[in-house]
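Everything on this sheet refers to the single structure shown next.
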Amino acid sequence: MKNHDISPRRRVPRTKVTIPVPPVDLVSRPRLLTALDDGAEQAMVFVGAPAGYGKTVLLADWASGHRGAVAWVSADAEDNDDRLFWSAVLEAFSGCAAVPAGNPVRSLAVPAAPGADLAFLATIADALDALDEPVLLVLDGAQEITDAGTWRGLQTLLRHQPSGLRLVISSRREPPLPLVRARVAGRLLEVGVNLLRFSPEEAGTLVGTTEPGVPPHQVDLLVARTGGWPAGLRLAAASAARQGNLADFLAGRDRAVLDYLTDEVLAPLTVPQRDLLRAISICDEVPAGLSAALSDRPDAEAMLRELGEPAGQVVHSVGIPARHRLPPLLRTYLRAELLRRAPERTRSLHAAAARWFAEHDRPAPALLHSVRSGNTTRVGELLRRHAVVLFLAGEHNVLRLALAVLGDRRAVTSPLLALISAALHLERGEPSSAETQLSCADAAWPADPEAELTVLRQLVRSRLAQVDRGPAQAVRAAEQIDGQLAADTTLSGLATLHRVATLTARRDRGSARTALAHVADAAEGVNHQFLVNQCLVTLSSLAGSDGDYREMDELAQRVQARHAAHDPHRSLEGAQVSEQLAFASLLRGEAAECAEHTKQIGRMLGDAPARTARSLGLIAETLRGAAEFELGGWHSGLRRMRRARTRLGTGRSFSAEHAAWCAVLEHRAALRLGAADQAREAFRWAQPIIAGSGELLLMRARTQLRLGRQGAASSVLRSLSEEDAPMLLPWAGIEASLIGVRAALAAGARERAVRSLDDALRAAEPGDVRFPFVFAPSDVITFLTARLGKLGTGERFAGRVLAQRRELRTPPMPAPLTERERNVLRLLPTQRSIDEIAQDLTVSPNTVKTHVRGIYAKLDVRSRRDAVATALRRGLLDTEVGDFTS
């Protein structure tokens with residue numbers, strides 16, 4: 001041994017060997033902490049990712065839960081002097097409670113060349129082997145250590161593998177340690193970029209700590225734009241706090257973000273690497289071969305592979321041949337900076353990309369880059385050749401950009417482009433603009449049009465009828481499509497989809513499903529994603545109409561996932577999908593989830609004027625009101641439903657099925673809250689629209705039961721099966737059975753109640769329809785609970801329902817105001833005296849006083865002013881509720 005006891009250690013700053021204090025806005029991440037705990041038994045833990053992925057914050061949070069067993073070293077450039085490095089390591093061990101006072105590492109001195117001193121390293125290994133429990137040596141920021149001598153000492157120590165040592169390293173790149181051997185032996189835990197990305201839930205917590213916070217509906221967008229990069233999310237929150245919104249951040253204009261990216265991400269790269277990244281930043285995705293065309297470097301692919309190494313991942317590469325992507329935020333800022341500093345180079349890069357994509361038969365990116373290069377001649381050529389295929393592929397945003405570049409004058413002189421423009425307007429619910437484009441197409445119509453052009457005009461007229469006319473007109477327009485003419489064109493699948501409307505109108509749903517499935521399969525094979533989505537939306541709607549709610553939900557979720565990639569903002573398709581998801585969520589009893597989907601409908605529709613868009617928005621408002629009601633916002637939810645109904649009116653711009661949804665939900669809520677007048681309004685509104693339906697009988701039975709007429713309610717329910725009154729909503733039969741349970745219980749007919757409950761469970765389980773049970777009155781739940789153990793095949797379903805109901809924890813519903821009390825309440829804000837109110841209502845003052853006392857008791861107030869304030873807050877008085885887009 002080489003006199004280690006007399007060679008001094010180098011002095012080490014205390015902060016270098018102290019666990020950092022986590023930030024005040026720390027978002028603890030249990031999934032990662034659990035992974036680290038599980039991996040603490042491994043010989044080595046490697047947390048590898050580029051700058052800003054929260055490596056230090058994560059390890060500090062984890063280490064703070066293991067105090068006493070952690071030796072922490074924050075690496076820096078001075079650790080390239082291995083005497084300083086080993087002084088820091090020994091100092092960290094000395095401050096660790098798990099290392100007893102007599103252990104040699106507390107007093108061991110550092111020799112002149114510790115990394116090469118085998119005796120020194122053996123002493124450390126022996127000392128660690130003697131520990132009762134392993135110590136976690138955390139080496140944070142190890143990319144700062146570049147000296148081979150420093151790493152040599154660690155390599156030697158790991159070769160001895162002391163039982164008392166677990167090495168935890170964080171770095172922006174893989175350290176020169178035996179990671180491969182540890183991987184093969186199963187003794188390495190790796191936490192990389194994919195694990196460190198923030199989930200939408202974690203991101204929502206992180207960005208919600210700033211003022212003003214990021215709106216919840218923008219969190220998913222923010223995660224997509226940042227790739228879940230923790231530093232990017234923090235920068236976004238800071239930008240929102242400075243600017244009041246995310247506009248500058250998302251557009252690549254926030255100087256603080258650019259400075260961070262320059263200093264932390266780009267600075268460690270070579271000049272050629274930075275130039276290559278700027279060149280490829282013009283593309284969202286860079287296929288193999290394109291990088292060389294853009295950078296004029298034959299070694300571009302090799303450089304991108306180097307930049308995509310697992311720990312660094314400045315570039316993400318997937319597939320064979322490789323496709324490369326820059327992290328979304330880095331790409332946005334590099335692109336914005338390139339356009340600001342070198343606009344001419346930006347245009348030439350886009351032109352080169354357009355040529356490359358056109359040569360490789362990629363019309364969508366070829367058109368997009370032609371637009372960005374400003375080459376209108378090339379844009380026009382690509383549109384004439386590929387517009388129909390791009391429309392069917394769902395590349396609607398690219399088409400809109402291209403048509404905007406051409407300008408109205410050039411676009412409207414081409415019947416093809418005018419029709420494509422009309423079709424795009426219709427998919428955003430803009431019928432007036434579509435009609436203008438149709439007129440332009442007619443004015444420029446050729447004497448001898450090609451078959452595809454003729455069919456396209458027929459399809460646009462059919463879609464216009466679907467979007468802004470009644471169902472009968474939509475069927476007539478679909479029947480005008482020439483199927484034979486369409487058969488040999490690229491539009492044959494879309495023509496079949498439109499003609500399916502005639503099948504559903506004739507209730508030939510089986511043939512409709514077969515045709516739709518065939519069209520969807522064929523469209524998938526040629527990447528016509530818009531057509532595939534339209535088929536799936538229609539199939540989802542058919543499944544809902546037939547009561548197959550699981551299938552409806554599954555299909556809608558498939559479309560939602562596909563839709564986000566093509567037109568994530570305003571579109572009728574997106575709104576229809578969100579409506580189906582809202583229906584499915586409500587039927588599962590997931591009221592909060594339903595409310596979120598209805599808000600998304602409003603964002604999808606914007607202020608689209610089409611009749612279908614308005615109807616979708618107002619039906620969404622009804623669903624949102626129903627969800628709000630079940631979550632405890634009884635009065636505001638009921639008022640929201642009433643407002644939507646009155647705005648829907650009595651026309652037939654919506655289906656009888658949708659009218660039944662609105663009426664049944666509002667009638668149910670109104671009676672539960674004692675708003676008999678509103679329940680009557682809902683029934684009378686629906687009566688002419690859904691005449692002859694079982695839903696009308698259901699509402700009558702519900703009303704009779706509310707009035708205490710159990711016999712009359714049971715009689716009405718019997719007529720449901722005896723009369724020709726089909727249910728428009730298959731799930732409404734479950735609601736009818738539960739009304740039968742209540743009527744039977746009230747009449748003391750227990751056996752009849754048992755039969756009705758069994759009927760309800762049998763009908764509900766296949767479609768997972770929990771809503772009527774989860775939000776059922778307490779007498780039904782008490783009876784269901786008492787029947788546990790005797791429900792046979794319905795036992796598991798009943799258990800899920802009861803568990804879900806327990807988790808809701810909604811407050812008890814307040815005692816409803818009587819109709820007379822409501823009439824008095826409406827006059828309290830007018831400042832009329834008791835005598836004047838009595839005169840208005842033609843009752844005695846004493847009667848009014850009685851009603852006022854009842855109002856005070858039910859609202860838990862003691863004064864007229866408090867009664868008015870409480871009533872306003874609960875939505876009992878005539879105040880406007882927020883618009884459905886909010």
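Ordering of the structure tokens sets the chain letters (A, B, ...), residue numbers begin anew at 1 in every chain, and ligands are numbered from 1 in the order given.
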Stretch 389-402 of chain A surroundings by only C-alpha atoms, 8 Å radius, close-in-sequence under 4 positions cut, as a PDB file with C-alpha atoms, in the first residue's frame:
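The new file around.pdb reads:
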```pdb
ATOM      1  CA  PRO A 363     -47.534  13.848 -53.362  1.00  0.00           C
ATOM      2  CA  ALA A 364     -48.605  15.207 -49.958  1.00  0.00           C
ATOM      3  CA  LEU A 367     -47.248  19.668 -52.399  1.00  0.00           C
ATOM      4  CA  LEU A 368     -46.584  21.013 -48.905  1.00  0.00           C
ATOM      5  CA  VAL A 371     -46.333  25.658 -51.104  1.00  0.00           C
ATOM      6  CA  VAL A 379     -48.406  23.811 -56.714  1.00  0.00           C
ATOM      7  CA  LEU A 383     -53.022  19.801 -57.386  1.00  0.00           C
ATOM      8  CA  LEU A 406     -53.070  29.722 -55.667  1.00  0.00           C
ATOM      9  CA  ILE A 420     -62.177  20.175 -53.971  1.00  0.00           C
ATOM     10  CA  SER A 421     -62.400  23.570 -52.257  1.00  0.00           C
ATOM     11  CA  LEU A 424     -63.048  21.022 -47.858  1.00  0.00           C
ATOM     12  CA  THR A 490     -60.878   6.686 -57.528  1.00  0.00           C
ATOM     13  CA  ASN A 527     -54.157   4.721 -47.777  1.00  0.00           C
ATOM     14  CA  HIS A 528     -57.420   6.656 -48.284  1.00  0.00           C
ATOM     15  CA  GLN A 529     -57.557   7.549 -44.591  1.00  0.00           C
ATOM     16  CA  PHE A 530     -60.373  10.091 -44.839  1.00  0.00           C
ATOM     17  CA  LEU A 531     -62.605   7.489 -46.465  1.00  0.00           C
ATOM     18  CA  HIS A 566     -54.759  14.651 -40.177  1.00  0.00           C
ATOM     19  CA  ASP A 567     -57.137  17.393 -39.052  1.00  0.00           C
TER      20      ASP A 567
END
```
#### Entry: All alpha helix (DSSP H) positions in stretch 676-796 of chain A, as an MDAnalysis selection string
chainID A and resid 676:686 694:706 710:722 732:746 750:764 771:774 778:786 795:796
May I have the residues within 10 Å of A:Gln480 as an mmCIF file with N, CA, C and O atoms, in the first residue's frame, using only C-alpha atoms and disregarding those fewer than 4 positions away in the same chain?
```cif
data_model
loop_
_atom_site.group_PDB
_atom_site.id
_atom_site.type_symbol
_atom_site.label_atom_id
_atom_site.label_comp_id
_atom_site.auth_asym_id
_atom_site.auth_seq_id
_atom_site.Cartn_x
_atom_site.Cartn_y
_atom_site.Cartn_z
ATOM 1 N N VAL A 455 -68.565 12.720 -61.165
ATOM 2 C CA VAL A 455 -68.890 12.047 -59.902
ATOM 3 C C VAL A 455 -68.523 12.942 -58.713
ATOM 4 O O VAL A 455 -69.257 13.004 -57.722
ATOM 5 N N GLN A 458 -71.286 15.351 -58.084
ATOM 6 C CA GLN A 458 -72.423 14.677 -57.454
ATOM 7 C C GLN A 458 -72.170 14.437 -55.962
ATOM 8 O O GLN A 458 -73.058 14.605 -55.124
ATOM 9 N N LEU A 459 -70.942 14.052 -55.632
ATOM 10 C CA LEU A 459 -70.589 13.790 -54.234
ATOM 11 C C LEU A 459 -70.613 15.066 -53.398
ATOM 12 O O LEU A 459 -71.047 15.057 -52.237
ATOM 13 N N ARG A 461 -72.466 17.693 -53.946
ATOM 14 C CA ARG A 461 -73.873 18.049 -53.726
ATOM 15 C C ARG A 461 -74.511 17.142 -52.687
ATOM 16 O O ARG A 461 -75.310 17.594 -51.866
ATOM 17 N N SER A 462 -74.152 15.873 -52.694
ATOM 18 C CA SER A 462 -74.674 14.945 -51.691
ATOM 19 C C SER A 462 -74.198 15.315 -50.294
ATOM 20 O O SER A 462 -74.962 15.314 -49.333
ATOM 21 N N VAL A 475 -80.953 11.851 -48.605
ATOM 22 C CA VAL A 475 -81.182 10.580 -49.295
ATOM 23 C C VAL A 475 -81.382 10.820 -50.792
ATOM 24 O O VAL A 475 -80.818 10.113 -51.635
ATOM 25 N N ARG A 476 -82.170 11.830 -51.146
ATOM 26 C CA ARG A 476 -82.409 12.116 -52.563
ATOM 27 C C ARG A 476 -81.111 12.484 -53.280
ATOM 28 O O ARG A 476 -80.858 12.052 -54.403
ATOM 29 N N ARG A 499 -74.058 6.422 -50.794
ATOM 30 C CA ARG A 499 -75.277 5.695 -51.120
ATOM 31 C C ARG A 499 -75.718 4.770 -49.990
ATOM 32 O O ARG A 499 -76.859 4.302 -49.983
#
```
### Query
When you draw a straight line from atom CA of A:Ala760 to atom CA of A:Phe654, how long is it in Å?
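The value is 28.9 Å.
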#### Entry: Residue contacts of A:Val848 (9 Å, only C-alpha atoms) excluding same-chain residues fewer than 5 positions away, as a list in words
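Near A:Val848, the qualifying residues are Arg820, Glu821, Val824, Ile834, Asp835, Ile837, Ala838, Leu841, Val843 and Arg853 of chain A.
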### Task
Quick one: everything within 12 Å of A:Asp37, counting only C-alpha atoms, minus sequence neighbours fewer than 6 positions away in the same chain. Send it as a list in words.
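The contact residues come out as Pro30, Arg31, Val45, Leu59, Asp61, Trp62, Ala63, Gly65, His66, Leu136, Arg166, Val168 and Leu189 of chain A.
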### Test item: residues at most 9 Å from stretch 661-664 of chain A, only C-alpha atoms, excluding those fewer than 5 positions along its chain, as a PyMOL selection string
chain A and resi 619+622-623+641+644-645+656+669+679+682-683+685-686+695-696+698-699+728-729+732
### Task
Quick one: everything within 12 Å of A:Thr502, counting only C-alpha atoms, minus sequence neighbours fewer than 3 positions away in the same chain. Send it as a ChimeraX atom specification.
/A:462,466,471-481,495-499,505-509,511-512,515
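Distances here use only C-alpha atoms; by that measure, the residue among A:Pro449, A:Gly204, A:Pro766, A:Gly232 closest to A:Val219 is A:Gly204.
If you look at atom CA of A:Arg225 and atom CA of A:Asp284, they are 11.6 Å away from each other.
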### Task
Could you please determine the separation between atom CA of A:Asn103 and atom CA of A:Ala125 in Å, to one decimal place?
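Distance reported for this atom pair: 11.5 Å.
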### Task
Rank nothing, just name the residue among A:Phe783, A:Gly470, A:Pro772, A:Ser373 nearest to A:Glu751, using only C-alpha atoms.
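Of A:Phe783, A:Gly470, A:Pro772, A:Ser373, the one nearest A:Glu751 is A:Phe783, counting only C-alpha atoms.
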#### Entry: Which of A:Ser541, A:Thr146, A:Ser87, A:Gln42 sits closest to A:Leu188 [using only C-alpha atoms]
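With only C-alpha atoms as the atom set, the closest residue is A:Gln42.
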